[in-house]
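Source file: protein_17.txt. Holds: compact mmCIF, C-alpha atoms.
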# COMPACT_ATOMS: atom_id res chain seq x y z
CA MET S 1 0.00 0.00 0.00
CA ASN S 2 2.83 2.37 0.84
CA ASN S 3 4.42 1.54 -2.50
CA PHE S 4 1.16 2.40 -4.25
CA ASN S 5 0.93 5.74 -2.43
CA SER S 6 4.52 6.56 -3.34
CA LYS S 7 3.76 5.94 -7.02
CA ILE S 8 0.73 8.22 -6.84
CA ALA S 9 2.86 10.92 -5.22
CA PHE S 10 5.54 10.47 -7.88
CA PHE S 11 3.08 10.89 -10.74
CA PHE S 12 1.49 13.88 -9.02
CA VAL S 13 4.88 15.60 -8.72
CA LEU S 14 5.63 14.72 -12.34
CA LEU S 15 2.38 16.31 -13.50
CA VAL S 16 3.12 19.45 -11.49
CA LEU S 17 6.59 19.69 -13.02
CA LEU S 18 5.26 19.18 -16.53
CA GLY S 19 2.64 21.82 -15.88
CA SER S 20 5.25 24.27 -14.70
CA VAL S 21 7.38 23.62 -17.79
CA LYS S 22 4.38 24.20 -20.01
CA ALA S 23 3.60 27.44 -18.21
CA GLN S 24 7.21 28.56 -18.44
CA ASP S 25 7.25 28.04 -22.19
CA GLY S 26 3.62 29.11 -22.61
CA PHE S 27 4.24 32.73 -23.54
CA LYS S 28 6.60 32.03 -26.41
CA SER S 29 4.49 29.08 -27.51
CA VAL S 30 1.47 31.35 -27.86
CA LEU S 31 3.58 33.95 -29.68
CA LYS S 32 4.94 31.30 -32.07
CA ASP S 33 1.45 30.04 -32.86
CA SER S 34 0.27 33.58 -33.54
CA VAL S 35 3.17 34.19 -35.91
CA ASP S 36 3.04 30.85 -37.73
CA HIS S 37 -0.72 30.91 -38.30
CA HIS S 38 -1.01 34.54 -39.32
CA PRO S 39 -2.73 34.79 -42.74
CA SER S 40 0.05 36.91 -44.25
CA ILE S 41 2.62 34.25 -43.33
CA GLN S 42 0.62 31.62 -45.20
CA SER S 43 0.58 33.91 -48.24
CA TYR S 44 4.35 34.48 -48.09
CA LYS S 45 4.97 30.74 -47.69
CA ALA S 46 2.86 30.04 -50.78
CA GLN S 47 4.95 32.55 -52.73
CA ALA S 48 8.11 30.83 -51.50
CA GLU S 49 6.76 27.47 -52.68
CA SER S 50 6.03 28.98 -56.08
CA SER S 51 9.60 30.29 -56.30
CA LYS S 52 10.87 26.83 -55.38
CA ARG S 53 9.02 25.38 -58.38
CA ASP S 54 10.70 27.98 -60.61
CA ILE S 55 14.06 26.46 -59.61
CA ASP S 56 12.92 23.07 -60.92
CA ALA S 57 11.84 24.71 -64.17
CA ALA S 58 15.23 26.42 -64.52
CA LYS S 59 17.04 23.10 -64.01
CA TRP S 60 14.97 21.46 -66.74
CA ALA S 61 16.29 24.09 -69.19
CA PHE S 62 19.65 22.25 -69.22
CA TRP S 63 17.93 19.19 -70.71
CA PRO S 64 16.93 18.68 -74.36
CA THR S 65 13.72 20.39 -75.44
CA PRO S 66 11.29 18.13 -77.32
CA SER S 67 8.76 19.56 -79.76
CA VAL S 68 6.08 18.02 -81.97
CA GLY S 69 4.44 19.70 -84.95
CA TYR S 70 1.90 19.19 -87.66
CA GLU S 71 1.67 21.36 -90.77
CA THR S 72 -0.54 21.39 -93.82
CA ALA S 73 -0.10 23.33 -97.08
CA ASN S 74 -2.69 24.73 -99.45
CA ASP S 75 -0.80 23.49 -102.53
CA VAL S 76 2.53 21.69 -103.13
CA PRO S 77 4.36 20.50 -106.28
CA TYR S 78 3.06 17.15 -107.46
CA GLY S 79 5.14 14.16 -106.44
CA THR S 80 7.42 15.97 -103.99
CA LEU S 81 5.67 16.52 -100.67
CA ASP S 82 2.41 15.64 -99.08
CA LYS S 83 0.07 18.45 -98.25
CA SER S 84 0.49 17.58 -94.59
CA SER S 85 3.71 16.85 -92.69
CA LYS S 86 4.55 15.84 -89.17
CA TYR S 87 7.78 16.29 -87.24
CA PHE S 88 9.41 15.53 -83.91
CA ARG S 89 12.41 17.56 -82.78
CA LEU S 90 14.81 17.28 -79.87
CA GLN S 91 17.06 20.32 -79.33
CA GLN S 92 19.91 20.38 -76.83
CA PRO S 93 21.76 23.61 -75.96
CA ILE S 94 25.52 23.12 -75.96
CA TRP S 95 26.77 26.60 -75.08
CA THR S 96 24.60 29.53 -74.01
CA SER S 97 27.28 31.95 -72.74
CA GLY S 98 25.99 31.46 -69.20
CA ARG S 99 22.32 32.15 -69.90
CA LEU S 100 21.02 28.92 -68.39
CA THR S 101 23.26 29.24 -65.32
CA ALA S 102 22.18 32.86 -64.87
CA GLN S 103 18.53 31.81 -65.14
CA LEU S 104 19.08 29.13 -62.49
CA ASN S 105 20.88 31.62 -60.24
CA LYS S 106 18.01 34.04 -60.74
CA SER S 107 15.43 31.41 -59.71
CA GLU S 108 17.47 30.37 -56.68
CA SER S 109 17.87 34.01 -55.64
CA GLN S 110 14.13 34.60 -55.99
CA TYR S 111 13.46 31.60 -53.78
CA LEU S 112 15.88 32.90 -51.15
CA VAL S 113 14.22 36.31 -51.38
CA SER S 114 10.85 34.64 -50.72
CA GLU S 115 12.26 32.76 -47.74
CA ALA S 116 13.80 35.96 -46.38
CA ALA S 117 10.47 37.72 -46.90
CA VAL S 118 8.79 35.04 -44.76
CA SER S 119 11.36 35.61 -41.98
CA GLU S 120 10.99 39.37 -42.28
CA GLN S 121 7.21 39.17 -42.06
CA LYS S 122 7.40 36.81 -39.08
CA THR S 123 9.70 39.24 -37.28
CA ASN S 124 7.39 42.18 -38.04
CA ILE S 125 4.37 40.25 -36.75
CA ALA S 126 6.29 39.25 -33.61
CA TYR S 127 7.20 42.90 -32.98
CA LYS S 128 3.57 43.92 -33.44
CA TRP S 129 2.39 41.15 -31.12
CA LEU S 130 4.90 42.12 -28.43
CA GLN S 131 3.86 45.77 -28.77
CA LEU S 132 0.20 44.86 -28.23
CA TRP S 133 0.99 42.67 -25.24
CA ALA S 134 3.05 45.47 -23.68
CA GLU S 135 0.14 47.87 -24.23
CA TYR S 136 -2.28 45.37 -22.70
CA GLN S 137 -0.10 44.82 -19.62
CA ALA S 138 0.48 48.54 -19.13
CA ALA S 139 -3.25 49.26 -19.46
CA ASP S 140 -4.01 46.45 -17.01
CA GLU S 141 -1.65 47.93 -14.40
CA LYS S 142 -3.10 51.40 -14.98
CA THR S 143 -6.61 50.03 -14.57
CA LYS S 144 -5.68 48.51 -11.21
CA ALA S 145 -4.02 51.75 -10.09
CA PHE S 146 -6.97 53.94 -11.08
CA LYS S 147 -9.46 51.49 -9.59
CA ASP S 148 -7.62 51.69 -6.28
CA SER S 149 -7.58 55.47 -6.61
CA VAL S 150 -11.34 55.51 -7.27
CA ASP S 151 -11.92 53.44 -4.13
CA LYS S 152 -9.83 55.90 -2.09
CA HIS S 153 -11.62 58.91 -3.56
CA MET S 154 -15.02 57.36 -2.80
CA ALA S 155 -13.95 56.88 0.81
CA TYR S 156 -12.84 60.51 0.95
CA VAL S 157 -16.14 61.66 -0.58
CA ARG S 158 -18.14 59.75 2.04
CA GLN S 159 -16.09 61.36 4.81
CA ILE S 160 -16.63 64.83 3.33
CA GLU S 161 -20.35 64.23 2.93
CA ARG S 162 -20.63 63.17 6.60
CA ARG S 163 -18.80 66.30 7.69
CA ALA S 164 -21.04 68.45 5.49
CA ASN S 165 -24.15 66.83 6.96
CA GLU S 166 -22.81 67.43 10.47
CA GLY S 167 -22.06 71.06 9.63
CA PHE S 168 -18.26 70.79 9.83
CA SER S 169 -17.81 71.41 6.10
CA ALA S 170 -19.58 73.53 3.51
CA PRO S 171 -22.07 71.73 1.20
CA SER S 172 -20.01 72.92 -1.77
CA ASP S 173 -17.08 70.79 -0.52
CA ALA S 174 -19.11 67.63 -1.14
CA GLN S 175 -19.92 68.78 -4.68
CA LEU S 176 -16.29 69.62 -5.41
CA SER S 177 -15.10 66.28 -4.02
CA MET S 178 -17.57 64.51 -6.33
CA SER S 179 -16.03 66.32 -9.31
CA ARG S 180 -12.58 65.08 -8.22
CA LEU S 181 -14.00 61.56 -8.04
CA SER S 182 -15.51 61.88 -11.52
CA SER S 183 -12.13 62.92 -12.89
CA VAL S 184 -10.44 59.81 -11.50
CA GLN S 185 -13.32 57.64 -12.77
CA ALA S 186 -12.77 59.09 -16.26
CA GLU S 187 -9.10 58.04 -16.10
CA LEU S 188 -10.21 54.56 -15.03
CA ARG S 189 -12.60 54.29 -17.99
CA GLN S 190 -9.86 55.43 -20.36
CA SER S 191 -7.41 52.82 -19.09
CA GLN S 192 -10.12 50.14 -19.35
CA SER S 193 -10.80 51.23 -22.92
CA LEU S 194 -7.10 50.97 -23.82
CA LYS S 195 -6.97 47.51 -22.26
CA ASN S 196 -10.03 46.38 -24.21
CA LYS S 197 -8.62 47.71 -27.48
CA ALA S 198 -5.31 45.93 -26.95
CA ALA S 199 -7.16 42.74 -26.00
CA ALA S 200 -9.32 42.90 -29.15
CA ARG S 201 -6.28 43.32 -31.40
CA LEU S 202 -4.48 40.49 -29.62
CA GLU S 203 -7.47 38.22 -30.12
CA GLN S 204 -7.40 39.01 -33.83
CA MET S 205 -3.78 37.89 -34.00
CA LEU S 206 -4.40 34.88 -31.74
CA GLN S 207 -7.55 33.97 -33.71
CA LYS S 208 -9.07 32.86 -30.41
CA PRO S 209 -10.36 34.51 -27.20
CA LEU S 210 -7.62 36.08 -25.13
CA ALA S 211 -9.07 34.56 -21.95
CA SER S 212 -8.19 31.06 -23.19
CA GLU S 213 -4.47 31.95 -23.33
CA ILE S 214 -4.16 34.48 -20.52
CA ASN S 215 -2.62 31.99 -18.06
CA ASN S 216 0.22 31.19 -20.46
CA LEU S 217 0.70 34.84 -21.33
CA ASN S 218 0.98 35.93 -17.72
CA ASP S 219 4.31 34.09 -17.57
CA SER S 220 5.90 36.49 -20.06
CA GLY S 221 8.60 37.73 -17.70
CA TRP S 222 6.82 41.02 -17.04
CA PRO S 223 9.12 43.22 -14.89
CA GLN S 224 8.12 43.63 -11.26
CA SER S 225 10.72 46.14 -10.10
CA GLN S 226 13.73 48.12 -11.24
CA LYS S 227 15.98 45.97 -9.05
CA ALA S 228 15.09 42.84 -11.05
CA ILE S 229 15.48 44.65 -14.38
CA THR S 230 19.09 45.61 -13.65
CA LYS S 231 19.97 41.92 -14.04
CA TRP S 232 18.37 41.64 -17.48
CA SER S 233 20.59 41.44 -20.51
CA PRO S 234 19.56 41.29 -24.18
CA ALA S 235 23.12 40.16 -25.06
CA ILE S 236 23.74 43.09 -27.40
CA GLU S 237 27.22 44.62 -27.58
CA VAL S 238 27.81 47.80 -29.52
CA ALA S 239 31.17 46.48 -30.71
CA GLN S 240 29.34 43.68 -32.56
CA LEU S 241 26.51 45.85 -33.83
CA ASP S 242 27.30 45.29 -37.53
CA GLU S 243 27.05 41.53 -37.01
CA TYR S 244 23.56 41.87 -35.53
CA VAL S 245 22.55 44.27 -38.30
CA ASN S 246 23.57 41.88 -41.08
CA LEU S 247 21.62 39.04 -39.45
CA HIS S 248 18.37 40.99 -39.59
CA PRO S 249 15.88 39.48 -42.10
CA THR S 250 15.29 42.80 -43.86
CA VAL S 251 19.02 43.28 -44.47
CA GLN S 252 19.46 39.67 -45.58
CA LYS S 253 16.56 39.99 -48.01
CA THR S 254 18.10 43.10 -49.57
CA GLN S 255 21.47 41.35 -49.88
CA ILE S 256 19.78 38.52 -51.77
CA LEU S 257 17.99 41.03 -54.00
CA ILE S 258 21.41 42.30 -55.06
CA SER S 259 22.40 38.76 -56.08
CA SER S 260 19.13 38.40 -57.98
CA ALA S 261 19.76 41.68 -59.83
CA GLN S 262 23.31 40.57 -60.69
CA ALA S 263 21.83 37.40 -62.20
CA ASP S 264 19.59 39.66 -64.32
CA VAL S 265 22.70 41.42 -65.62
CA GLN S 266 24.26 38.09 -66.60
CA LEU S 267 21.02 36.96 -68.18
CA ALA S 268 20.62 40.14 -70.25
CA SER S 269 24.28 40.06 -71.35
CA ALA S 270 24.02 36.42 -72.41
CA ARG S 271 21.21 37.23 -74.85
CA ASN S 272 23.58 39.32 -76.97
CA ILE S 273 25.86 36.33 -77.67
CA PRO S 274 24.88 33.55 -80.11
CA GLU S 275 24.03 30.20 -78.58
CA VAL S 276 25.24 26.86 -79.90
CA TYR S 277 22.84 23.95 -80.07
CA VAL S 278 22.37 20.52 -81.62
CA ARG S 279 18.99 19.34 -82.88
CA SER S 280 17.74 15.94 -83.91
CA GLU S 281 14.70 15.90 -86.17
CA MET S 282 12.34 13.26 -87.52
CA ARG S 283 9.91 14.40 -90.25
CA HIS S 284 7.24 12.54 -92.18
CA GLY S 285 5.57 13.98 -95.23
CA ASP S 286 7.93 14.02 -98.23
CA VAL S 287 8.30 11.51 -101.09
CA THR S 288 11.00 9.56 -99.27
CA GLY S 289 8.79 8.85 -96.24
CA THR S 290 10.31 9.34 -92.80
CA HIS S 291 13.28 11.69 -92.84
CA GLN S 292 15.83 11.93 -90.03
CA SER S 293 18.40 14.72 -89.65
CA ILE S 294 20.84 16.12 -87.11
CA TYR S 295 21.62 19.83 -87.13
CA PHE S 296 24.30 21.95 -85.46
CA GLY S 297 23.42 25.62 -85.33
CA LEU S 298 23.76 29.10 -83.88
CA SER S 299 20.95 31.35 -82.78
CA SER S 300 20.87 34.88 -81.46
CA SER S 301 18.26 37.45 -80.61
CA PHE S 302 19.08 41.07 -79.95
CA GLY S 303 15.55 41.96 -78.97
CA ALA S 304 13.17 44.37 -80.59
CA GLY S 305 15.22 47.24 -81.98
CA LEU S 306 18.38 46.03 -80.21
CA SER S 307 16.59 46.35 -76.88
CA ASN S 308 18.95 43.87 -75.18
CA ALA S 309 21.52 46.62 -74.72
CA SER S 310 18.96 48.67 -72.81
CA ALA S 311 18.04 45.60 -70.76
CA VAL S 312 21.66 45.20 -69.65
CA ALA S 313 21.87 48.87 -68.62
CA ALA S 314 18.57 48.60 -66.75
CA ALA S 315 19.72 45.47 -64.89
CA GLN S 316 23.00 47.16 -63.89
CA ALA S 317 21.08 50.19 -62.63
CA LYS S 318 18.88 47.87 -60.56
CA VAL S 319 21.98 46.39 -58.91
CA GLU S 320 23.11 49.85 -57.85
CA ALA S 321 19.63 50.67 -56.61
CA TYR S 322 19.57 47.59 -54.38
CA ARG S 323 23.04 48.39 -53.07
CA ASN S 324 21.85 51.82 -52.03
CA GLU S 325 18.75 50.24 -50.51
CA LEU S 326 20.99 47.86 -48.56
CA ASN S 327 22.85 50.80 -47.04
CA ALA S 328 19.53 52.39 -46.11
CA ARG S 329 18.20 49.18 -44.52
CA GLN S 330 21.41 48.65 -42.56
CA LEU S 331 21.17 52.21 -41.27
CA GLU S 332 17.54 51.75 -40.24
CA VAL S 333 18.22 48.50 -38.37
CA ARG S 334 21.33 49.93 -36.67
CA GLU S 335 19.36 52.98 -35.53
CA SER S 336 16.55 50.75 -34.28
CA ILE S 337 18.94 48.63 -32.20
CA GLN S 338 20.75 51.66 -30.77
CA THR S 339 17.42 53.33 -29.97
CA ASP S 340 16.20 50.21 -28.15
CA ILE S 341 19.44 50.01 -26.14
CA GLN S 342 19.16 53.67 -25.14
CA ASP S 343 15.44 53.35 -24.33
CA PHE S 344 16.09 50.22 -22.26
CA GLN S 345 18.68 52.02 -20.15
CA ALA S 346 16.78 55.30 -19.91
CA GLN S 347 13.49 53.65 -18.93
CA SER S 348 15.28 51.43 -16.39
CA ASP S 349 16.72 54.54 -14.71
CA ARG S 350 13.34 56.26 -14.95
CA LEU S 351 11.61 53.31 -13.34
CA GLY S 352 14.03 53.42 -10.40
CA GLN S 353 13.28 57.08 -9.84
CA LEU S 354 9.54 56.56 -10.17
CA GLU S 355 9.59 53.74 -7.62
CA LYS S 356 11.39 56.00 -5.15
CA THR S 357 8.87 58.77 -5.84
CA PHE S 358 5.98 56.36 -5.34
CA ALA S 359 7.36 55.12 -2.00
CA ALA S 360 7.80 58.69 -0.77
CA ASN S 361 4.34 59.67 -2.02
CA ARG S 362 2.75 56.65 -0.31
CA ASN S 363 4.32 57.59 3.03
CA TYR S 364 3.26 61.19 2.53
CA LEU S 365 -0.32 60.11 1.74
CA GLU S 366 -0.58 57.91 4.84
CA SER S 367 0.77 60.75 6.97
CA SER S 368 -1.62 63.26 5.37
CA GLU S 369 -4.61 60.99 5.96
CA ARG S 370 -3.80 60.87 9.67
CA GLN S 371 -3.41 64.65 9.74
CA TYR S 372 -6.69 65.06 7.86
CA LEU S 373 -8.52 63.00 10.46
CA ALA S 374 -6.90 65.20 13.11
CA GLY S 375 -8.10 68.32 11.29
CA ARG S 376 -4.64 69.55 10.22
CA ARG S 377 -5.01 68.76 6.49
CA SER S 378 -7.71 69.73 4.00
CA TRP S 379 -9.55 67.23 1.85
CA GLN S 380 -8.20 68.93 -1.29
CA GLU S 381 -4.64 68.08 -0.21
CA ILE S 382 -5.21 64.38 0.39
CA MET S 383 -7.18 64.03 -2.85
CA ASN S 384 -4.35 65.69 -4.77
CA ILE S 385 -1.82 63.35 -3.16
CA ALA S 386 -4.00 60.29 -3.88
CA ARG S 387 -4.45 61.28 -7.50
CA GLU S 388 -0.73 61.93 -7.86
CA GLU S 389 -0.10 58.42 -6.57
CA SER S 390 -2.25 56.88 -9.32
CA GLN S 391 -0.50 59.01 -11.93
CA ILE S 392 2.89 57.82 -10.71
CA LEU S 393 1.69 54.22 -10.95
CA ALA S 394 0.51 54.90 -14.52
CA GLN S 395 3.98 56.23 -15.39
CA ILE S 396 5.53 53.15 -13.79
CA ALA S 397 3.31 50.94 -15.96
CA ASP S 398 4.41 52.79 -19.11
CA ALA S 399 8.08 52.49 -18.11
CA LYS S 400 7.74 48.76 -17.44
CA ALA S 401 6.03 48.28 -20.80
CA GLN S 402 8.80 50.09 -22.66
CA ILE S 403 11.52 48.20 -20.78
CA TRP S 404 9.92 44.82 -21.41
CA LEU S 405 9.26 45.57 -25.07
CA THR S 406 12.81 46.79 -25.81
CA HIS S 407 14.22 43.83 -23.89
CA GLN S 408 12.28 41.36 -26.05
CA ARG S 409 13.17 43.19 -29.26
CA LEU S 410 16.87 43.26 -28.40
CA GLN S 411 16.80 39.53 -27.72
CA ILE S 412 15.29 38.97 -31.15
CA PHE S 413 17.96 41.21 -32.69
CA ALA S 414 20.70 39.21 -30.97
CA MET S 415 19.32 35.68 -31.34
CA GLY S 416 17.07 35.77 -34.37
CA LEU S 417 13.35 35.06 -34.06
CA ASP S 418 13.54 31.26 -34.31
CA THR S 419 16.19 30.98 -31.58
CA TYR S 420 14.33 33.50 -29.43
CA LEU S 421 11.10 31.51 -29.64
CA SER S 422 12.87 28.26 -28.74
CA THR S 423 14.75 29.76 -25.76
CA LYS S 424 13.28 29.77 -22.27
CA LEU S 425 12.47 33.13 -20.78
CA PRO S 426 15.55 34.56 -19.07
CA THR S 427 14.98 35.71 -15.51
CA THR S 428 18.35 36.81 -14.18
CA HIS S 429 21.82 37.19 -15.61
CA SER S 430 25.21 37.89 -14.11
CA ALA S 431 26.33 41.48 -14.00
CA GLN S 432 29.09 40.82 -16.51
CA ASN S 433 26.48 39.95 -19.15
CA GLU S 434 24.63 43.27 -18.87
CA ILE S 435 24.33 45.59 -21.85
CA LYS S 436 27.68 47.04 -22.91
CA THR S 437 27.73 50.46 -24.53
CA GLN S 438 30.43 52.71 -25.79
Whole structure given in structure tokens:
Amino acid sequence: MNNFNSKIAFFFVLLVLLGSVKAQDGFKSVLKDSVDHHPSIQSYKAQAESSKRDIDAAKWAFWPTPSVGYETANDVPYGTLDKSSKYFRLQQPIWTSGRLTAQLNKSESQYLVSEAAVSEQKTNIAYKWLQLWAEYQAADEKTKAFKDSVDKHMAYVRQIERRANEGFSAPSDAQLSMSRLSSVQAELRQSQSLKNKAAARLEQMLQKPLASEINNLNDSGWPQSQKAITKWSPAIEVAQLDEYVNLHPTVQKTQILISSAQADVQLASARNIPEVYVRSEMRHGDVTGTHQSIYFGLSSSFGAGLSNASAVAAAQAKVEAYRNELNARQLEVRESIQTDIQDFQAQSDRLGQLEKTFAANRNYLESSERQYLAGRRSWQEIMNIAREESQILAQIADAKAQIWLTHQRLQIFAMGLDTYLSTKLPTTHSAQNEIKTQ
């Protein structure tokens, strides 16, 4: 019996541990599902699959090209040819001056561009999702702060109304205190509205009710205090900034676009040079019956009005355009990373100051409430202090949201989205791994 109980205890502990692991990975699992099942991702994946088929088509171009034909004539010399003839041809390119290779390189580059576009879109969706979750969490904390403030203001209003009824305060004081209460209630409704809007947009991305995933999402590593945040590290070093920039999907896609444009240059140049081919032909329709021939030939096409020369110039201009675009994309990503690093540090410092201000304000409010009951403070003063407390908490919520968001973004910059989604949420890091700046 004891052995049976021990087995039950073992399985119970195992279930608890598995549940905790699931909860720990729940946030990123939900984020991954939202990214993978987003309609735009399915569209980009379909485009990538189409580009993959183009590679197969480009490879087939190296093989012989079969063709079958049937022709009929209105009139032919008697005894030479039939009015109708049939033929089967098999033509094999021998030398194309690199046209076939350039076409294959072009198809492969287009496929890589499609794959990079999928990664870029996934990253953009992840950023949007993280932004919405930060807004939701901040609005939730603001709602709690303003709700607490409303409760305090209602208690103050009841006290003022009792004093007015007993003749210790003017009736106008009760009316003024109600207006202060209405102001705080308006802030509460605004924060609730922001929370509902963020929740609605999250549900659209989740494609399911937010309530069904809220338990997993609550384990997103939301910051609780400035002291805990000082141990966070997104593993970004300014000295290695160029490495992180070049790993960004947008930059990688632009780099591949340059390769694709270079393949266009090779393809356009190859059209100006004659191609060598061999063709085997079987024809039926003349007086001798079936006729078989093998041909060696040259073919060239300069385009309508020698337009191939313009095509080469256009392709070369496109290469330069993509190179300039690459510089622009690298600059944008570098600025984004540097901005996130600066925001992370600035908001962390701001949060520390706000927490100190909140602690001092809370002590001041408690002291003022005692003095108000003793008749040494006015109701206007304690209401002002109470409202200031809720405003400080709202600023703390905004600071936490910005810190959390930049922390997640910097991790994606450093790791890449796939690695980020497969990595457990970091909680603490050693001081030597903190953000390094110049």
Practice problem: Mind checking which residues fall within 7 Å of Ser299 (chain S), counting only C-alpha atoms, ignoring those fewer than 4 positions away in the same chain, and posting them as a VMD selection string? | Solution: chain S and resid 274 to 276
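Residues in contact range of Thr357 (chain S), defined as at most 10 Å between all atoms listed in the file, with sequence neighbours fewer than 4 positions away removed, read Leu351, Gly352, Gln353, Asn361, Arg362, Glu389, Ile392 and Leu393 of chain S.
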Saved selection, atoms kept: C-alpha atoms, as a PDB file, in the coordinates of the input:
ATOM      1  CA  LEU S 351      11.610  53.310 -13.340  1.00  0.00           C
ATOM      2  CA  GLY S 352      14.030  53.420 -10.400  1.00  0.00           C
ATOM      3  CA  GLN S 353      13.280  57.080  -9.840  1.00  0.00           C
ATOM      4  CA  ASN S 361       4.340  59.670  -2.020  1.00  0.00           C
ATOM      5  CA  ARG S 362       2.750  56.650  -0.310  1.00  0.00           C
ATOM      6  CA  GLU S 389      -0.100  58.420  -6.570  1.00  0.00           C
ATOM      7  CA  ILE S 392       2.890  57.820 -10.710  1.00  0.00           C
ATOM      8  CA  LEU S 393       1.690  54.220 -10.950  1.00  0.00           C
TER       9      LEU S 393
END
Quiz item: Do you have the CA of Leu188 (chain S)-CA of Ala399 (chain S) distance handy?
Solution: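 Distance reported for this atom pair: 18.7 Å.
Shell of Arg350 (chain S) at 9 Å, with all atoms listed in the file counted and residues fewer than 4 places along the chain excluded, is Gln226, Gln345, Ala346, Leu354, Glu355, Ile396 and Ala399 of chain S.
By only C-alpha atoms, and with residues fewer than 6 positions from Asp173 (chain S) along its chain excluded, the set lying at most 10 Å from it is Val157, Ile160, Glu161, Arg163, Ala164, Ser179, Trp379 and Gln380 of chain S.
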Please save C-alpha atoms of the selected residues as an mmCIF file, in the coordinates of the input.
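Writing the result to result.cif gives the following:
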data_model
loop_
_atom_site.group_PDB
_atom_site.id
_atom_site.type_symbol
_atom_site.label_atom_id
_atom_site.label_comp_id
_atom_site.auth_asym_id
_atom_site.auth_seq_id
_atom_site.Cartn_x
_atom_site.Cartn_y
_atom_site.Cartn_z
ATOM 1 C CA VAL S 157 -16.140 61.660 -0.580
ATOM 2 C CA ILE S 160 -16.630 64.830 3.330
ATOM 3 C CA GLU S 161 -20.350 64.230 2.930
ATOM 4 C CA ARG S 163 -18.800 66.300 7.690
ATOM 5 C CA ALA S 164 -21.040 68.450 5.490
ATOM 6 C CA SER S 179 -16.030 66.320 -9.310
ATOM 7 C CA TRP S 379 -9.550 67.230 1.850
ATOM 8 C CA GLN S 380 -8.200 68.930 -1.290
#
Which residues of region 37-121 of chain S come within 12 Å of region 125-138 of chain S, and what is each one's closest atom pair and distance in Å (one decimal), counting all atoms listed in the file, sorted by chain and residue number, as JSON lines?
{"residue": "S:His37", "atom": "CA", "partner": "S:Ile125", "partner_atom": "CA", "distance": 10.7}
{"residue": "S:His38", "atom": "CA", "partner": "S:Ile125", "partner_atom": "CA", "distance": 8.3}
{"residue": "S:Pro39", "atom": "CA", "partner": "S:Ile125", "partner_atom": "CA", "distance": 10.8}
{"residue": "S:Ser40", "atom": "CA", "partner": "S:Ile125", "partner_atom": "CA", "distance": 9.3}
{"residue": "S:Ile41", "atom": "CA", "partner": "S:Ile125", "partner_atom": "CA", "distance": 9.1}
{"residue": "S:Val118", "atom": "CA", "partner": "S:Ile125", "partner_atom": "CA", "distance": 10.5}
{"residue": "S:Ser119", "atom": "CA", "partner": "S:Ile125", "partner_atom": "CA", "distance": 9.9}
{"residue": "S:Glu120", "atom": "CA", "partner": "S:Ile125", "partner_atom": "CA", "distance": 8.7}
{"residue": "S:Gln121", "atom": "CA", "partner": "S:Ile125", "partner_atom": "CA", "distance": 6.1}
Quiz prompt | For Leu31 (chain S), the nearest of the candidates S:Ser422, S:Gln190, S:Thr72, S:Gln103, counting only C-alpha atoms | solution =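 Smallest separation from Leu31 (chain S) among the options: S:Ser422.
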